[in-house]
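Enquirer: Below: one structure in structure tokens.
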Amino acid sequence: MEKHIIREPIAYEKIPTRIYRDPKEASKSVAVEIAALIREKAKANLPCVLGLATGSSPKTVYAELIRMHREEGLSFKNVIAFNLDEYYPMDPHAVQSYWRFMREQLFDHVDIPEDHYFIPDGTLPESRIADFCREYEHKIDQLGGLDFQLLGIGGNGHIGFNEPGSLINSKTRLMMLDHSTRVAATMDFGGELTKVPKKAITMGVSKILQAKRVVLLAWGERKAEKIADAVEGSVSEQNPASYLQTHPNALF
Ligand code: GLP
């Protein structure tokens, strides 16, 4: 057992769950897993297809990956990345945009080629979103699917922006955001609820579940109840994170 793990998964948990002393140590171990996968794929001359997440939780993982790039020669040249979601509508240069977030938190600091990362486009006319979403999934499929999906969890159990009520077979689509999600995001929008977009484009639950490996991060007590429910309760559309009980290789 790694020395920073407080406890390894236990039998009644329906999703293997590791508890760490602090987010930094947990993030380190997730970054080590991602780096090993990138290197293994590079060795075999294969692309490494990563599903990436925004929110505060993955920031420490990205910081560790950047450190490994700088200090340990970890290259992202073979990485192809697909982000989970983006607000709609959203200007990619706005401070709240997930496109900007990913550039600032990871892509601008590593050697990933500019045409190797994809983020749902918050500038599309609404009439083109359905086609865009189909194409987004098609691109992932053509690469053989996601090798690894990194996830956070919303206070209401959402993954990506798959809000409660999302079906297990839901596709990448435009989603109405929950009131609670918009309230949670107000601080990012100058404290004004009316400025928080009402919609977002999100990768669907089914594409997330098709990833070969899924790791969900949750830090602090705020998320404890939703996590316990997802890990120990029954699979329910009321808590989309619980869908990961059906995944053969997920880790919380
Ligand atoms: C947003 C994102 C989710 C993320 C969630 C939690 O809603 N769309 O993908 O998991 O925020 O964010 P945080 O990690 O900041 O708690």
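Residue numbering restarts at 1 in every chain; chains get A, B, ... in the order shown in the structure tokens, and ligands count up from 1 in that same order.
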Around ligand 1, out to 6 Å and counting only C-alpha atoms and all ligand atoms, which residues are there? I want them as an MDAnalysis selection string.
Expert: chainID A and resid 53:57 152:154 159:161
Enquirer: As a PyMOL selection string, please: every residue in segment 3-122 of chain A that DSSP puts in strand (DSSP E or B).
Expert: chain A and resi 5-7+19-20+48-52+79-83+85-88+117-118
Enquirer: Could you write out the selected residues, including C-alpha atoms, as a PDB file, in the first residue's frame?
Expert:
ATOM      1  CA  ILE A   5      -3.383   5.912   1.283  1.00  0.00           C
ATOM      2  CA  ILE A   6      -5.471   5.870   4.450  1.00  0.00           C
ATOM      3  CA  ARG A   7      -7.347   2.856   3.274  1.00  0.00           C
ATOM      4  CA  ILE A  19      -8.956   7.309   0.571  1.00  0.00           C
ATOM      5  CA  TYR A  20      -5.866   9.490   0.800  1.00  0.00           C
ATOM      6  CA  CYS A  48      -2.967   7.767 -25.852  1.00  0.00           C
ATOM      7  CA  VAL A  49      -6.597   8.891 -25.850  1.00  0.00           C
ATOM      8  CA  LEU A  50      -7.445  10.780 -22.674  1.00  0.00           C
ATOM      9  CA  GLY A  51     -10.806  12.064 -21.488  1.00  0.00           C
ATOM     10  CA  LEU A  52     -10.152  15.168 -19.384  1.00  0.00           C
ATOM     11  CA  VAL A  79      -1.736  12.311 -26.398  1.00  0.00           C
ATOM     12  CA  ILE A  80      -5.105  13.026 -27.946  1.00  0.00           C
ATOM     13  CA  ALA A  81      -7.443  14.623 -25.436  1.00  0.00           C
ATOM     14  CA  PHE A  82     -11.194  15.054 -25.347  1.00  0.00           C
ATOM     15  CA  ASN A  83     -12.750  17.238 -22.707  1.00  0.00           C
ATOM     16  CA  ASP A  85     -17.910  19.540 -21.347  1.00  0.00           C
ATOM     17  CA  GLU A  86     -18.283  23.268 -21.957  1.00  0.00           C
ATOM     18  CA  TYR A  87     -20.867  25.848 -20.980  1.00  0.00           C
ATOM     19  CA  TYR A  88     -23.274  26.925 -23.695  1.00  0.00           C
ATOM     20  CA  TYR A 117      -7.086  18.356 -28.097  1.00  0.00           C
ATOM     21  CA  PHE A 118     -10.822  18.722 -28.419  1.00  0.00           C
TER      22      PHE A 118
END
Enquirer: May I have the residues within 10 Å of segment 220-228 of chain A as a list in words, using only C-alpha atoms and disregarding those fewer than 5 positions away in the same chain?
Expert: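 Answer for this query is Glu13, Ile15, Thr17, Asp22, Pro23, Ile153, Gly154, Gly155, Asn156, Gly157, His158, Gly233, Asn239, Pro240, Ala241, Ser242 and Phe252 of chain A.
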Enquirer: For the residues in the current selection, export C-alpha atoms as a PDB file, in the first residue's frame.
Expert:
ATOM      1  CA  GLU A  13     -17.927  -0.990  -1.936  1.00  0.00           C
ATOM      2  CA  ILE A  15     -16.811   0.962  -6.829  1.00  0.00           C
ATOM      3  CA  THR A  17     -12.471   3.572  -3.465  1.00  0.00           C
ATOM      4  CA  ASP A  22      -4.609  14.768   1.171  1.00  0.00           C
ATOM      5  CA  PRO A  23      -5.491  15.766  -2.416  1.00  0.00           C
ATOM      6  CA  ILE A 153     -18.236  15.056  -9.418  1.00  0.00           C
ATOM      7  CA  GLY A 154     -20.758  17.857  -8.976  1.00  0.00           C
ATOM      8  CA  GLY A 155     -22.451  18.489  -5.640  1.00  0.00           C
ATOM      9  CA  ASN A 156     -25.556  16.799  -7.072  1.00  0.00           C
ATOM     10  CA  GLY A 157     -23.655  13.755  -8.373  1.00  0.00           C
ATOM     11  CA  HIS A 158     -23.255  14.961 -11.948  1.00  0.00           C
ATOM     12  CA  GLY A 233     -26.154   2.818  -2.786  1.00  0.00           C
ATOM     13  CA  ASN A 239     -26.910  10.257  -8.837  1.00  0.00           C
ATOM     14  CA  PRO A 240     -25.172   9.888 -12.217  1.00  0.00           C
ATOM     15  CA  ALA A 241     -21.844   9.031 -10.540  1.00  0.00           C
ATOM     16  CA  SER A 242     -23.512   5.780  -9.390  1.00  0.00           C
ATOM     17  CA  PHE A 252     -12.859   6.661  -6.905  1.00  0.00           C
TER      18      PHE A 252
END
Enquirer: For Ala42 of chain A, please output as a list in words all residues within 12 Å (counting only C-alpha atoms; exclusion window: fewer than 2 positions along the same chain).
Expert: Ala35, Ala36, Leu37, Ile38, Arg39, Glu40, Ala44, Asn45, Leu46, Pro47, Cys48, Val49, Leu74, Ser75, Phe76, Lys77, Asn78, Val79 and Ile80 of chain A
Enquirer: Could you go through segment 20-184 of chain A and tell me which residues DSSP, when run on the backbone, assigns to helix (DSSP H, G or I), listing them as a PyMOL selection string?
Expert: chain A and resi 23-43+59-72+98-105+107-109+114-116+126-142+179-184
Enquirer: Skip Phe101 of chain A itself and residues of its chain fewer than 2 positions away, then list as number ranges by chain all residues within 12 Å of it, counting only C-alpha atoms.
Expert: A: 52-56, 58-59, 62, 83, 85-86, 92-99, 103-108, 119, 188
Enquirer: Mind writing the picked residues with N, CA, C and O atoms as a short mmCIF file (atom, residue, chain, number, x, y, z; two decimals), in the first residue's frame?
Expert:
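Heads up, here's the output in again_23.cif:
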data_model
loop_
_atom_site.label_atom_id
_atom_site.label_comp_id
_atom_site.auth_asym_id
_atom_site.auth_seq_id
_atom_site.Cartn_x
_atom_site.Cartn_y
_atom_site.Cartn_z
N LEU A 52 -10.59 14.27 -20.46
CA LEU A 52 -10.15 15.17 -19.38
C LEU A 52 -11.30 16.00 -18.82
O LEU A 52 -12.33 16.20 -19.48
N ALA A 53 -11.09 16.46 -17.60
CA ALA A 53 -12.15 17.14 -16.86
C ALA A 53 -11.68 18.52 -16.40
O ALA A 53 -10.49 18.77 -16.28
N THR A 54 -12.65 19.37 -16.12
CA THR A 54 -12.34 20.68 -15.53
C THR A 54 -12.84 20.70 -14.08
O THR A 54 -13.12 19.66 -13.51
N GLY A 55 -12.97 21.89 -13.52
CA GLY A 55 -13.34 22.00 -12.10
C GLY A 55 -12.07 22.11 -11.29
O GLY A 55 -10.96 21.98 -11.82
N SER A 56 -12.22 22.34 -9.99
CA SER A 56 -11.03 22.54 -9.17
C SER A 56 -10.32 21.21 -8.89
O SER A 56 -9.10 21.18 -8.73
N PRO A 58 -9.34 18.42 -10.63
CA PRO A 58 -8.21 17.89 -11.41
C PRO A 58 -7.00 18.81 -11.48
O PRO A 58 -5.95 18.40 -12.00
N LYS A 59 -7.10 20.04 -10.95
CA LYS A 59 -5.99 20.99 -11.09
C LYS A 59 -4.68 20.43 -10.55
O LYS A 59 -3.61 20.62 -11.15
N TYR A 62 -3.18 17.96 -12.99
CA TYR A 62 -2.53 18.63 -14.12
C TYR A 62 -1.20 19.25 -13.70
O TYR A 62 -0.21 19.18 -14.44
N ASN A 83 -12.19 16.77 -23.96
CA ASN A 83 -12.75 17.24 -22.71
C ASN A 83 -14.22 16.86 -22.57
O ASN A 83 -14.92 16.65 -23.55
N ASP A 85 -16.78 18.62 -21.23
CA ASP A 85 -17.91 19.54 -21.35
C ASP A 85 -17.48 20.99 -21.55
O ASP A 85 -16.31 21.33 -21.46
N GLU A 86 -18.46 21.82 -21.84
CA GLU A 86 -18.28 23.27 -21.96
C GLU A 86 -19.63 23.93 -21.76
O GLU A 86 -20.67 23.38 -22.14
N PRO A 92 -14.68 31.00 -26.00
CA PRO A 92 -13.53 30.24 -25.51
C PRO A 92 -12.50 31.08 -24.75
O PRO A 92 -11.75 30.54 -23.95
N HIS A 93 -12.49 32.40 -25.00
CA HIS A 93 -11.50 33.23 -24.32
C HIS A 93 -12.01 33.78 -22.98
O HIS A 93 -11.23 34.37 -22.22
N ALA A 94 -13.27 33.60 -22.69
CA ALA A 94 -13.82 34.08 -21.41
C ALA A 94 -13.15 33.34 -20.26
O ALA A 94 -12.76 32.17 -20.41
N VAL A 95 -13.05 34.00 -19.11
CA VAL A 95 -12.36 33.35 -17.97
C VAL A 95 -13.07 32.08 -17.51
O VAL A 95 -12.45 31.19 -16.96
N GLN A 96 -14.38 32.00 -17.76
CA GLN A 96 -15.12 30.83 -17.28
C GLN A 96 -15.06 29.67 -18.27
O GLN A 96 -15.57 28.58 -17.98
N SER A 97 -14.48 29.89 -19.44
CA SER A 97 -14.54 28.85 -20.46
C SER A 97 -13.63 27.68 -20.11
O SER A 97 -12.54 27.84 -19.57
N TYR A 98 -14.10 26.50 -20.40
CA TYR A 98 -13.31 25.29 -20.13
C TYR A 98 -12.16 25.15 -21.13
O TYR A 98 -11.17 24.49 -20.86
N TRP A 99 -12.32 25.76 -22.30
CA TRP A 99 -11.24 25.78 -23.29
C TRP A 99 -10.06 26.55 -22.70
O TRP A 99 -8.92 26.07 -22.70
N ARG A 103 -6.27 25.19 -21.43
CA ARG A 103 -5.03 25.79 -21.93
C ARG A 103 -4.17 26.24 -20.74
O ARG A 103 -2.98 25.98 -20.70
N GLU A 104 -4.79 26.92 -19.80
CA GLU A 104 -4.04 27.49 -18.68
C GLU A 104 -3.56 26.44 -17.69
O GLU A 104 -2.48 26.56 -17.12
N GLN A 105 -4.38 25.42 -17.48
CA GLN A 105 -4.04 24.43 -16.45
C GLN A 105 -3.14 23.32 -16.96
O GLN A 105 -2.48 22.65 -16.18
N LEU A 106 -3.16 23.07 -18.31
CA LEU A 106 -2.36 21.96 -18.81
C LEU A 106 -1.74 22.18 -20.20
O LEU A 106 -0.52 22.18 -20.33
N PHE A 107 -2.58 22.38 -21.19
CA PHE A 107 -2.09 22.29 -22.57
C PHE A 107 -0.98 23.28 -22.91
O PHE A 107 -0.06 22.94 -23.66
N ASP A 108 -1.06 24.51 -22.39
CA ASP A 108 -0.03 25.51 -22.71
C ASP A 108 1.32 25.19 -22.09
O ASP A 108 2.32 25.82 -22.43
N ILE A 119 -12.38 20.17 -27.33
CA ILE A 119 -13.24 20.64 -26.23
C ILE A 119 -14.56 21.03 -26.87
O ILE A 119 -14.57 21.68 -27.93
N ASP A 188 -17.85 31.86 -10.01
CA ASP A 188 -17.04 31.99 -11.23
C ASP A 188 -17.61 33.06 -12.17
O ASP A 188 -16.95 33.47 -13.13
#
Enquirer: Counting only C-alpha atoms, which residue out of A:His69, A:Gln149, A:Leu167, A:Ser127 sits closest to Ile112 of chain A?
Expert: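 Of A:His69, A:Gln149, A:Leu167, A:Ser127, the one nearest Ile112 of chain A is A:His69, counting only C-alpha atoms.
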Enquirer: Enter the distance from atom CA of Gly204 of chain A to atom CA of Ala250 of chain A, in Å, rounded to one decimal.
Expert: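 Answer for the atom CA of Gly204 of chain A to atom CA of Ala250 of chain A separation: 16.7 Å.
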Enquirer: Pick the closest to Arg18 of chain A from A:Met203, A:Leu244, A:Leu124, A:Val231: which is it, counting only C-alpha atoms?
Expert: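 Answer, going by the shortest atom-to-atom distance: A:Val231.
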Enquirer: Taking only C-alpha atoms into account, which of A:Leu177, A:Leu150, A:Lys139, A:Met68 comes nearest Val110 of chain A?
Expert: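 Smallest distance to Val110 of chain A is found for A:Met68.
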Enquirer: So, counting only C-alpha atoms, which residue among A:Ala218, A:Val196, A:Val30, A:Ala130 is closest to Val61 of chain A?
Expert: A:Val30
Enquirer: Taking into account only C-alpha atoms, which residue in the set A:Glu114, A:Thr194, A:Ile168, A:His109 is nearest to Val235 of chain A?
Expert: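 For Val235 of chain A, the nearest of the candidates is A:Ile168.
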Enquirer: Extract, using only C-alpha atoms, all DNA, RNA and protein residues at most 12 Å from Pro125 of chain A, discarding same-chain residues fewer than 6 positions from it, and format them as a PyMOL selection string.
Expert: chain A and resi 88-90+131-132+174
Enquirer: As an exercise, work out the distance from atom CA of Val214 of chain A to atom CA of Pro9 of chain A in Å and give it to one decimal place.
Expert: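 Computed distance, atom CA of Val214 of chain A to atom CA of Pro9 of chain A, equals 15.4 Å.
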